[in-house]
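What's in data.pdb: PDB, C-alpha atoms
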```pdb
ATOM      1  CA  MET A   1     -63.537  -5.539 -51.415
ATOM      2  CA  ARG A   2     -61.468  -2.780 -50.110
ATOM      3  CA  ARG A   3     -62.250   0.748 -50.572
ATOM      4  CA  ARG A   4     -59.787   3.359 -51.464
ATOM      5  CA  GLY A   5     -59.964   5.025 -48.034
ATOM      6  CA  ASP A   6     -58.983   1.788 -46.273
ATOM      7  CA  LYS A   7     -55.788   1.604 -48.266
ATOM      8  CA  GLU A   8     -54.795   5.153 -47.325
ATOM      9  CA  LYS A   9     -55.496   4.487 -43.626
ATOM     10  CA  GLY A  10     -53.200   1.462 -43.759
ATOM     11  CA  ARG A  11     -50.412   3.542 -45.239
ATOM     12  CA  ARG A  12     -50.869   6.218 -42.615
ATOM     13  CA  ARG A  13     -50.675   3.653 -39.850
ATOM     14  CA  ALA A  14     -47.474   2.272 -41.352
ATOM     15  CA  ILE A  15     -45.979   5.748 -41.616
ATOM     16  CA  TYR A  16     -46.922   6.599 -38.038
ATOM     17  CA  ALA A  17     -45.482   3.308 -36.776
ATOM     18  CA  PHE A  18     -41.969   4.336 -37.909
ATOM     19  CA  ARG A  19     -42.283   7.945 -37.000
ATOM     20  CA  VAL A  20     -40.191   9.269 -34.072
ATOM     21  CA  PRO A  21     -41.972  11.624 -31.681
ATOM     22  CA  HIS A  22     -41.127  15.282 -32.113
ATOM     23  CA  SER A  23     -39.768  15.637 -28.534
ATOM     24  CA  ALA A  24     -37.187  12.900 -29.176
ATOM     25  CA  LEU A  25     -35.961  14.722 -32.281
ATOM     26  CA  ARG A  26     -35.605  17.893 -30.267
ATOM     27  CA  ASN A  27     -33.506  16.074 -27.606
ATOM     28  CA  LYS A  28     -31.343  14.492 -30.289
ATOM     29  CA  ARG A  29     -30.642  17.893 -31.827
ATOM     30  CA  ALA A  30     -29.746  19.325 -28.412
ATOM     31  CA  PHE A  31     -27.394  16.388 -27.788
ATOM     32  CA  ARG A  32     -25.787  16.882 -31.184
ATOM     33  CA  ASN A  33     -25.023  20.520 -30.364
ATOM     34  CA  LYS A  34     -23.300  19.641 -27.042
ATOM     35  CA  ARG A  35     -20.679  17.022 -27.904
ATOM     36  CA  GLY A  36     -18.158  17.277 -25.046
ATOM     37  CA  PHE A  37     -16.608  19.352 -22.325
ATOM     38  CA  SER A  38     -15.310  22.812 -22.892
ATOM     39  CA  LEU A  39     -11.664  23.608 -22.239
ATOM     40  CA  LEU A  40     -12.639  25.597 -19.161
ATOM     41  CA  GLU A  41     -14.557  22.640 -17.680
ATOM     42  CA  LEU A  42     -11.601  20.340 -18.275
ATOM     43  CA  MET A  43      -9.160  22.783 -16.696
ATOM     44  CA  ILE A  44     -11.358  23.168 -13.605
ATOM     45  CA  ALA A  45     -11.597  19.388 -13.241
ATOM     46  CA  MET A  46      -7.803  19.044 -13.602
ATOM     47  CA  PHE A  47      -7.240  21.795 -11.021
ATOM     48  CA  ILE A  48      -9.495  20.012  -8.517
ATOM     49  CA  MET A  49      -7.639  16.727  -9.151
ATOM     50  CA  ILE A  50      -4.270  18.426  -8.569
ATOM     51  CA  ILE A  51      -5.458  19.885  -5.252
ATOM     52  CA  LEU A  52      -6.747  16.501  -4.074
ATOM     53  CA  LEU A  53      -3.512  14.741  -5.077
ATOM     54  CA  SER A  54      -1.340  17.365  -3.400
ATOM     55  CA  VAL A  55      -3.144  16.603  -0.124
ATOM     56  CA  ALA A  56      -3.375  12.812  -0.506
ATOM     57  CA  VAL A  57       0.166  11.919  -1.650
ATOM     58  CA  PRO A  58       2.087  13.364   1.348
ATOM     59  CA  THR A  59      -0.406  11.792   3.744
ATOM     60  CA  TYR A  60       0.054   8.429   2.038
ATOM     61  CA  GLN A  61       3.853   8.717   2.149
ATOM     62  CA  ARG A  62       3.780   9.576   5.874
ATOM     63  CA  SER A  63       1.565   6.594   6.631
ATOM     64  CA  VAL A  64       3.858   4.245   4.654
ATOM     65  CA  GLN A  65       6.929   5.581   6.511
ATOM     66  CA  HIS A  66       5.158   5.200   9.865
ATOM     67  CA  ALA A  67       4.238   1.609   8.988
ATOM     68  CA  LYS A  68       7.875   0.805   8.108
ATOM     69  CA  GLU A  69       9.054   2.262  11.420
ATOM     70  CA  THR A  70       6.468   0.239  13.338
ATOM     71  CA  VAL A  71       7.465  -2.989  11.577
ATOM     72  CA  LEU A  72      11.149  -2.264  12.254
ATOM     73  CA  LYS A  73      10.465  -1.813  15.975
ATOM     74  CA  GLU A  74       8.428  -5.018  16.073
ATOM     75  CA  ASN A  75      11.094  -7.044  14.213
ATOM     76  CA  ILE A  76      13.852  -5.842  16.550
ATOM     77  CA  TRP A  77      11.681  -6.665  19.558
ATOM     78  CA  GLN A  78      11.037 -10.192  18.196
ATOM     79  CA  ILE A  79      14.761 -10.797  17.610
ATOM     80  CA  ARG A  80      15.616  -9.605  21.121
ATOM     81  CA  ARG A  81      12.914 -11.846  22.571
ATOM     82  CA  ALA A  82      14.310 -14.796  20.592
ATOM     83  CA  ILE A  83      17.838 -14.055  21.909
ATOM     84  CA  GLU A  84      16.532 -14.232  25.488
ATOM     85  CA  GLN A  85      14.564 -17.422  24.838
ATOM     86  CA  TYR A  86      17.598 -19.048  23.213
ATOM     87  CA  ARG A  87      19.774 -18.117  26.211
ATOM     88  CA  ALA A  88      17.167 -19.406  28.684
ATOM     89  CA  ASP A  89      16.702 -22.703  26.814
ATOM     90  CA  LYS A  90      20.307 -23.462  25.790
ATOM     91  CA  GLY A  91      22.145 -21.864  28.693
ATOM     92  CA  LYS A  92      24.360 -19.882  26.328
ATOM     93  CA  LEU A  93      24.048 -17.028  23.863
ATOM     94  CA  ALA A  94      23.493 -17.577  20.141
ATOM     95  CA  LYS A  95      26.380 -16.826  17.788
ATOM     96  CA  SER A  96      24.212 -14.982  15.225
ATOM     97  CA  VAL A  97      20.652 -14.341  14.084
ATOM     98  CA  ASP A  98      21.026 -17.349  11.794
ATOM     99  CA  ASP A  99      21.436 -19.566  14.895
ATOM    100  CA  LEU A 100      18.074 -18.281  16.115
ATOM    101  CA  VAL A 101      16.486 -19.262  12.791
ATOM    102  CA  GLN A 102      18.150 -22.699  12.767
ATOM    103  CA  GLY A 103      17.051 -23.280  16.373
ATOM    104  CA  LYS A 104      13.452 -22.429  15.353
ATOM    105  CA  TYR A 105      13.300 -19.402  17.648
ATOM    106  CA  LEU A 106      12.516 -17.328  14.570
ATOM    107  CA  TYR A 107      10.570 -18.609  11.576
ATOM    108  CA  GLU A 108      12.867 -16.746   9.193
ATOM    109  CA  LYS A 109      15.364 -13.927   9.331
ATOM    110  CA  PRO A 110      13.291 -10.738   9.754
ATOM    111  CA  ILE A 111      13.478  -7.966   7.183
ATOM    112  CA  ASP A 112      14.557  -4.467   8.054
ATOM    113  CA  PRO A 113      11.809  -2.582   6.146
ATOM    114  CA  VAL A 114      13.605   0.767   6.248
ATOM    115  CA  ALA A 115      16.867  -0.585   4.791
ATOM    116  CA  ASP A 116      14.941  -3.264   2.855
ATOM    117  CA  LYS A 117      17.461  -5.979   3.835
ATOM    118  CA  THR A 118      17.583  -9.040   6.051
ATOM    119  CA  GLU A 119      20.963  -7.958   7.435
ATOM    120  CA  TRP A 120      21.248  -6.657  10.985
ATOM    121  CA  LYS A 121      24.040  -5.155  13.042
ATOM    122  CA  GLU A 122      24.742  -7.996  15.461
ATOM    123  CA  ILE A 123      26.144  -6.780  18.772
ATOM    124  CA  MET A 124      28.299  -9.379  20.459
ATOM    125  CA  GLY A 125      29.058  -9.494  24.154
ATOM    126  CA  ASP A 126      30.466 -11.734  26.833
ATOM    127  CA  ASP A 127      28.363 -14.772  27.599
ATOM    128  CA  PRO A 128      27.925 -14.746  31.396
ATOM    129  CA  SER A 129      26.939 -18.416  31.499
ATOM    130  CA  SER A 130      30.033 -19.570  29.597
ATOM    131  CA  SER A 131      33.039 -20.775  31.584
ATOM    132  CA  GLU A 132      35.510 -19.872  28.807
ATOM    133  CA  ALA A 133      34.237 -16.264  28.510
ATOM    134  CA  GLU A 134      32.902 -16.856  24.998
ATOM    135  CA  GLN A 135      31.225 -14.156  22.942
ATOM    136  CA  GLY A 136      27.578 -14.361  21.959
ATOM    137  CA  LEU A 137      24.804 -12.344  20.398
ATOM    138  CA  THR A 138      23.429  -9.895  22.959
ATOM    139  CA  ASN A 139      21.534  -7.381  20.812
ATOM    140  CA  VAL A 140      20.691  -6.330  17.253
ATOM    141  CA  GLU A 141      20.353  -2.934  15.640
ATOM    142  CA  SER A 142      19.132  -1.694  12.298
ATOM    143  CA  LEU A 143      21.627  -0.914   9.541
ATOM    144  CA  ALA A 144      19.297   1.754   8.136
ATOM    145  CA  GLU A 145      20.655   5.268   8.018
ATOM    146  CA  GLY A 146      18.720   8.320   9.059
ATOM    147  CA  GLU A 147      16.090   9.168  11.610
ATOM    148  CA  ASP A 148      12.445   8.317  12.080
ATOM    149  CA  SER A 149       9.590  10.817  12.172
ATOM    150  CA  ASN A 150      10.318  11.541  15.864
ATOM    151  CA  GLY A 151      13.987  12.326  15.240
ATOM    152  CA  VAL A 152      15.299   9.061  16.718
ATOM    153  CA  SER A 153      18.075   7.314  14.778
ATOM    154  CA  TYR A 154      17.063   3.911  13.380
ATOM    155  CA  SER A 155      20.162   2.366  14.947
ATOM    156  CA  LYS A 156      18.891   3.412  18.418
ATOM    157  CA  TYR A 157      15.709   1.334  18.322
TER     158      TYR A 157
END
```

Show how you would write the structure in this file as structure tokens.
Amino acid sequence: MRRRGDKEKGRRRAIYAFRVPHSALRNKRAFRNKRGFSLLELMIAMFIMIILLSVAVPTYQRSVQHAKETVLKENIWQIRRAIEQYRADKGKLAKSVDDLVQGKYLYEKPIDPVADKTEWKEIMGDDPSSSEAEQGLTNVESLAEGEDSNGVSYSKY
């Protein structure tokens, strides 16, 4: 048989089992009072972001432009090398950059990254190894307008 005191102890245990500690209630109230950022905090964060972006964006643009200039120089160098190899192998100059691609001296027609085209200014000249004084491809230049970061015209590469 149960006594009346045992029943009350059981209820107390059940009540205490679902009870939240007082410190947790205090933290919950403090959290409820601070729901978000103040306008001043948001403005300071936005100001810091603007400063960082104003430094990063021009640096990124300069590095992209420098990369395009480097690729342009490399592509022109590869085409000129292919012209010389074609002349050494065939004993005559190529008629165009397309002849270099068809002869497998270039994998594909290189892209001018500054002008964003595969077109090049093909400079023709007399073929010294030809008996009929035929014309052939002697050099290529970029069709891009403007100057690089050093002040050199793209067509002078």

Response to the item:
re CA of Leu100 in chain A and CA of Glu147 in chain A: distance 27.9 Å

Worksheet entry | Two-atom distance - CA of Gly103 in chain A, CA of Lys117 in chain A (Å) | 21.4 Å

Given the PyMOL selection byres ((chain A and resi 70-77) around 8), the residues it picks as an mmCIF file with C-alpha atoms, in the coordinates of the input:
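Listing of result_16.cif after writing:
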```cif
data_model
loop_
_atom_site.group_PDB
_atom_site.id
_atom_site.type_symbol
_atom_site.label_atom_id
_atom_site.label_comp_id
_atom_site.auth_asym_id
_atom_site.auth_seq_id
_atom_site.Cartn_x
_atom_site.Cartn_y
_atom_site.Cartn_z
ATOM 1 C CA HIS A 66 5.158 5.200 9.865
ATOM 2 C CA ALA A 67 4.238 1.609 8.988
ATOM 3 C CA LYS A 68 7.875 0.805 8.108
ATOM 4 C CA GLU A 69 9.054 2.262 11.420
ATOM 5 C CA GLN A 78 11.037 -10.192 18.196
ATOM 6 C CA ILE A 79 14.761 -10.797 17.610
ATOM 7 C CA ARG A 80 15.616 -9.605 21.121
ATOM 8 C CA ARG A 81 12.914 -11.846 22.571
ATOM 9 C CA PRO A 110 13.291 -10.738 9.754
ATOM 10 C CA ILE A 111 13.478 -7.966 7.183
ATOM 11 C CA ASP A 112 14.557 -4.467 8.054
ATOM 12 C CA PRO A 113 11.809 -2.582 6.146
ATOM 13 C CA VAL A 114 13.605 0.767 6.248
ATOM 14 C CA VAL A 140 20.691 -6.330 17.253
ATOM 15 C CA GLU A 141 20.353 -2.934 15.640
ATOM 16 C CA SER A 142 19.132 -1.694 12.298
ATOM 17 C CA TYR A 157 15.709 1.334 18.322
#
```

Worksheet item: the PyMOL selection byres ((chain A and resi 87-90) around 12) on the file shown: which residues, as a PyMOL selection string?
Response: chain A and resi 80-86+91-95+99-100+103-105+127-130+136-138

Write the residues you've just listed into a file as a PDB file, keeping the file's coordinate frame, and include C-alpha atoms for each of them.
```pdb
ATOM      1  CA  ARG A  80      15.616  -9.605  21.121  1.00  0.00           C
ATOM      2  CA  ARG A  81      12.914 -11.846  22.571  1.00  0.00           C
ATOM      3  CA  ALA A  82      14.310 -14.796  20.592  1.00  0.00           C
ATOM      4  CA  ILE A  83      17.838 -14.055  21.909  1.00  0.00           C
ATOM      5  CA  GLU A  84      16.532 -14.232  25.488  1.00  0.00           C
ATOM      6  CA  GLN A  85      14.564 -17.422  24.838  1.00  0.00           C
ATOM      7  CA  TYR A  86      17.598 -19.048  23.213  1.00  0.00           C
ATOM      8  CA  GLY A  91      22.145 -21.864  28.693  1.00  0.00           C
ATOM      9  CA  LYS A  92      24.360 -19.882  26.328  1.00  0.00           C
ATOM     10  CA  LEU A  93      24.048 -17.028  23.863  1.00  0.00           C
ATOM     11  CA  ALA A  94      23.493 -17.577  20.141  1.00  0.00           C
ATOM     12  CA  LYS A  95      26.380 -16.826  17.788  1.00  0.00           C
ATOM     13  CA  ASP A  99      21.436 -19.566  14.895  1.00  0.00           C
ATOM     14  CA  LEU A 100      18.074 -18.281  16.115  1.00  0.00           C
ATOM     15  CA  GLY A 103      17.051 -23.280  16.373  1.00  0.00           C
ATOM     16  CA  LYS A 104      13.452 -22.429  15.353  1.00  0.00           C
ATOM     17  CA  TYR A 105      13.300 -19.402  17.648  1.00  0.00           C
ATOM     18  CA  ASP A 127      28.363 -14.772  27.599  1.00  0.00           C
ATOM     19  CA  PRO A 128      27.925 -14.746  31.396  1.00  0.00           C
ATOM     20  CA  SER A 129      26.939 -18.416  31.499  1.00  0.00           C
ATOM     21  CA  SER A 130      30.033 -19.570  29.597  1.00  0.00           C
ATOM     22  CA  GLY A 136      27.578 -14.361  21.959  1.00  0.00           C
ATOM     23  CA  LEU A 137      24.804 -12.344  20.398  1.00  0.00           C
ATOM     24  CA  THR A 138      23.429  -9.895  22.959  1.00  0.00           C
TER      25      THR A 138
END
```

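Reported to one decimal place, the separation of CA of Glu134 in chain A from CA of Lys156 in chain A is 25.5 Å.
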
Please enclose the listed atoms of range 36-39 of chain A in an axis-aligned box, pad each side by 6 Å, and write out the centre and the three edge lengths in Å, rounded to one decimal, as AutoDock Vina command-line options.
```
--center_x -14.9 --center_y 20.4 --center_z -23.6 --size_x 18.5 --size_y 18.3 --size_z 14.8
```

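In terms of minimum interatomic distance to Gly125 in chain A, A:Ser96 ranks closest within A:Phe37, A:Ile48, A:Ser96, A:Lys109, counting only C-alpha atoms.
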
Generate the missing atoms of range 36-53 of chain A up to N, CA and C atoms and report them as a short mmCIF file (atom, residue, chain, number, x, y, z; two decimals), keeping the file's coordinate frame.
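Below you can see result-v1.cif, which holds the result:
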```cif
data_model
loop_
_atom_site.label_atom_id
_atom_site.label_comp_id
_atom_site.auth_asym_id
_atom_site.auth_seq_id
_atom_site.Cartn_x
_atom_site.Cartn_y
_atom_site.Cartn_z
N GLY A 36 -19.17 17.60 -26.04
CA GLY A 36 -18.16 17.28 -25.05
C GLY A 36 -18.00 18.41 -24.05
N PHE A 37 -16.89 18.34 -23.33
CA PHE A 37 -16.61 19.35 -22.32
C PHE A 37 -15.85 20.51 -22.96
N SER A 38 -16.07 21.66 -22.42
CA SER A 38 -15.31 22.81 -22.89
C SER A 38 -13.93 22.79 -22.24
N LEU A 39 -13.02 23.55 -22.78
CA LEU A 39 -11.66 23.61 -22.24
C LEU A 39 -11.68 24.12 -20.81
N LEU A 40 -12.53 25.06 -20.52
CA LEU A 40 -12.64 25.60 -19.16
C LEU A 40 -13.10 24.52 -18.18
N GLU A 41 -14.08 23.72 -18.55
CA GLU A 41 -14.56 22.64 -17.68
C GLU A 41 -13.45 21.62 -17.42
N LEU A 42 -12.70 21.28 -18.45
CA LEU A 42 -11.60 20.34 -18.27
C LEU A 42 -10.50 20.91 -17.38
N MET A 43 -10.20 22.17 -17.53
CA MET A 43 -9.16 22.78 -16.70
C MET A 43 -9.60 22.85 -15.24
N ILE A 44 -10.86 23.13 -14.98
CA ILE A 44 -11.36 23.17 -13.60
C ILE A 44 -11.28 21.77 -12.99
N ALA A 45 -11.67 20.77 -13.74
CA ALA A 45 -11.60 19.39 -13.24
C ALA A 45 -10.15 18.99 -12.95
N MET A 46 -9.22 19.36 -13.82
CA MET A 46 -7.80 19.04 -13.60
C MET A 46 -7.28 19.79 -12.37
N PHE A 47 -7.67 21.01 -12.17
CA PHE A 47 -7.24 21.80 -11.02
C PHE A 47 -7.72 21.15 -9.72
N ILE A 48 -8.96 20.69 -9.70
CA ILE A 48 -9.49 20.01 -8.52
C ILE A 48 -8.72 18.72 -8.25
N MET A 49 -8.41 17.97 -9.30
CA MET A 49 -7.64 16.73 -9.15
C MET A 49 -6.25 17.02 -8.58
N ILE A 50 -5.61 18.08 -9.05
CA ILE A 50 -4.27 18.43 -8.57
C ILE A 50 -4.32 18.79 -7.09
N ILE A 51 -5.32 19.52 -6.67
CA ILE A 51 -5.46 19.89 -5.25
C ILE A 51 -5.65 18.63 -4.40
N LEU A 52 -6.51 17.73 -4.83
CA LEU A 52 -6.75 16.50 -4.07
C LEU A 52 -5.49 15.65 -3.99
N LEU A 53 -4.74 15.53 -5.09
CA LEU A 53 -3.51 14.74 -5.08
C LEU A 53 -2.44 15.38 -4.21
#
```
